[in-house]
Amino acid sequence: MVDAYVLKRVSARELTRRLKGRRFENSQRHGKHLFVRAGDELWLRLHFGMTGSLEYLKRDEVPPKTARVIFRFANGCQLAFDDQRKFGEVELIEDFDEFLRTRGLGPDALEISLSQFEAIFGKHRGAVKAILLNQQLIAGIGNLYADEILFRTRVHPATKAGKLRNKDLTRLFRATRNVLEKAIALKTDFNRLPKSWLLTHREKRGRCPRCGRALKSATIGGRTSWFCAHCQKRI
Ligand SMILES: [Zn+2]
């Protein structure tokens, strides 16, 4: 079963034909992409958009209504690519290193070293938030998490990269790792994220979990940013 919007550069018929009889052998993540190896020179690329997830179902389990692709295994079990808000992507690729190169994706946010991180901020002039979101510079940081990283570091999202001192960059680097690792450990379940995080308060009438003042929002780097103007000073 396939919902056509989700397929990139492959038809439902071709996806079925090329995966038939193959096994999913292992997987690797880079940035926001998950690559599933399906034998020689064939990888399934999954991008989960905002709400995508995978659900493994036993033979008699009913897939969620928003399942967009369902892979059926020989034992009758199924793997559903669930995607409520339809921002997900499914593609077949032959070479995943080449995919990273042609997309120009930067190093993964959890693999990057402090010196690579510093070099990126040393070379680029834009707002710090725009740099964190730029997948060509650092792959894997989404909008909500960029706001969280900046909140933890007490840096205003519109701060120009050139204004950051080395010690700000070290804190930003550590916060990036901590926020992403924690979110992954909690399976990005918003109900389980700490209440001290900005992420659970980012809405109209939301208040800063640190100082209690009203949060502000603004468009920075083309995306809506939430921040506390008191705790996150513009340097
Ligand atoms: Zn505050």
# chains A, B, ... in the order shown; residues from 1 in each chain; ligands from 1

$ residues_near_ligand --ligand "ligand 1" --cutoff "8 Å" --atoms "only C-alpha atoms and all ligand atoms" --output "ChimeraX atom specification"
/A:207-215,228-232

$ write_last_selection --atoms "N, CA, C and O atoms" --output "short mmCIF file (atom, residue, chain, number, x, y, z; two decimals), in the first residue's frame"
data_model
loop_
_atom_site.label_atom_id
_atom_site.label_comp_id
_atom_site.auth_asym_id
_atom_site.auth_seq_id
_atom_site.Cartn_x
_atom_site.Cartn_y
_atom_site.Cartn_z
N ARG A 207 5.03 30.74 28.59
CA ARG A 207 5.93 31.50 29.47
C ARG A 207 7.27 30.80 29.57
O ARG A 207 7.35 29.58 29.48
N CYS A 208 8.29 31.62 29.78
CA CYS A 208 9.66 31.09 29.89
C CYS A 208 9.75 30.19 31.13
O CYS A 208 9.43 30.63 32.23
N PRO A 209 10.19 28.94 30.95
CA PRO A 209 10.30 28.06 32.12
C PRO A 209 11.41 28.49 33.08
O PRO A 209 11.48 27.99 34.20
N ARG A 210 12.24 29.44 32.68
CA ARG A 210 13.33 29.87 33.55
C ARG A 210 12.94 31.10 34.37
O ARG A 210 13.11 31.13 35.57
N CYS A 211 12.35 32.13 33.69
CA CYS A 211 12.08 33.39 34.41
C CYS A 211 10.59 33.71 34.49
O CYS A 211 10.21 34.67 35.17
N GLY A 212 9.75 32.96 33.77
CA GLY A 212 8.31 33.17 33.87
C GLY A 212 7.76 34.29 32.99
O GLY A 212 6.55 34.50 32.95
N ARG A 213 8.62 34.99 32.28
CA ARG A 213 8.12 36.05 31.40
C ARG A 213 7.52 35.46 30.13
O ARG A 213 7.82 34.31 29.77
N ALA A 214 6.68 36.26 29.43
CA ALA A 214 6.03 35.78 28.21
C ALA A 214 7.08 35.51 27.13
O ALA A 214 8.01 36.31 26.95
N LEU A 215 6.93 34.38 26.43
CA LEU A 215 7.86 34.07 25.34
C LEU A 215 7.51 34.91 24.11
O LEU A 215 6.37 35.33 23.95
N CYS A 228 13.01 33.56 24.76
CA CYS A 228 12.71 34.47 25.86
C CYS A 228 13.64 35.68 25.70
O CYS A 228 14.87 35.52 25.79
N ALA A 229 13.05 36.86 25.46
CA ALA A 229 13.87 38.05 25.20
C ALA A 229 14.66 38.47 26.44
O ALA A 229 15.65 39.18 26.33
N HIS A 230 14.21 38.01 27.61
CA HIS A 230 14.94 38.36 28.84
C HIS A 230 16.14 37.44 29.04
O HIS A 230 17.25 37.90 29.33
N CYS A 231 15.93 36.14 28.90
CA CYS A 231 17.01 35.18 29.15
C CYS A 231 17.98 35.06 27.98
O CYS A 231 19.12 34.64 28.16
N GLN A 232 17.50 35.34 26.77
CA GLN A 232 18.35 35.19 25.59
C GLN A 232 18.65 36.56 25.01
O GLN A 232 17.90 37.08 24.20
#

$ residues_around --residues "A:Gly126" --least-positions-apart "5" --cutoff "8 Å" --atoms "only C-alpha atoms" --output "count of residues only"
3

$ residues_around --residues "stretch 36-48 of chain A" --least-positions-apart "6" --cutoff "8 Å" --atoms "only C-alpha atoms" --output "ChimeraX atom specification"
/A:19,22-28,83,87-96

$ residues_around --residues "A:Phe81" --least-positions-apart "5" --cutoff "7 Å" --atoms "only C-alpha atoms" --output "list in words"
Ser53, Leu54, Glu55, Ala67, Arg68, Val69 and Ile70 of chain A

$ write_last_selection --atoms "C-alpha atoms" --output "PDB file, in the first residue's frame"
ATOM      1  CA  SER A  53       7.442   7.337  12.255  1.00  0.00           C
ATOM      2  CA  LEU A  54       7.833   3.638  11.628  1.00  0.00           C
ATOM      3  CA  GLU A  55       5.521   1.123  13.212  1.00  0.00           C
ATOM      4  CA  ALA A  67       0.157   4.862   7.224  1.00  0.00           C
ATOM      5  CA  ARG A  68       1.434   6.012   3.793  1.00  0.00           C
ATOM      6  CA  VAL A  69       3.578   3.025   2.828  1.00  0.00           C
ATOM      7  CA  ILE A  70       3.276  -0.500   4.194  1.00  0.00           C
TER       8      ILE A  70
END

$ atom_distance --atom1 "atom CA of A:Arg165" --atom2 "atom CA of A:Phe151"
16.7 Å

$ closest_residue --among "A:Val2, A:Leu110, A:Leu15, A:Ala130" --to "A:Ala80" --atoms "only C-alpha atoms"
A:Val2
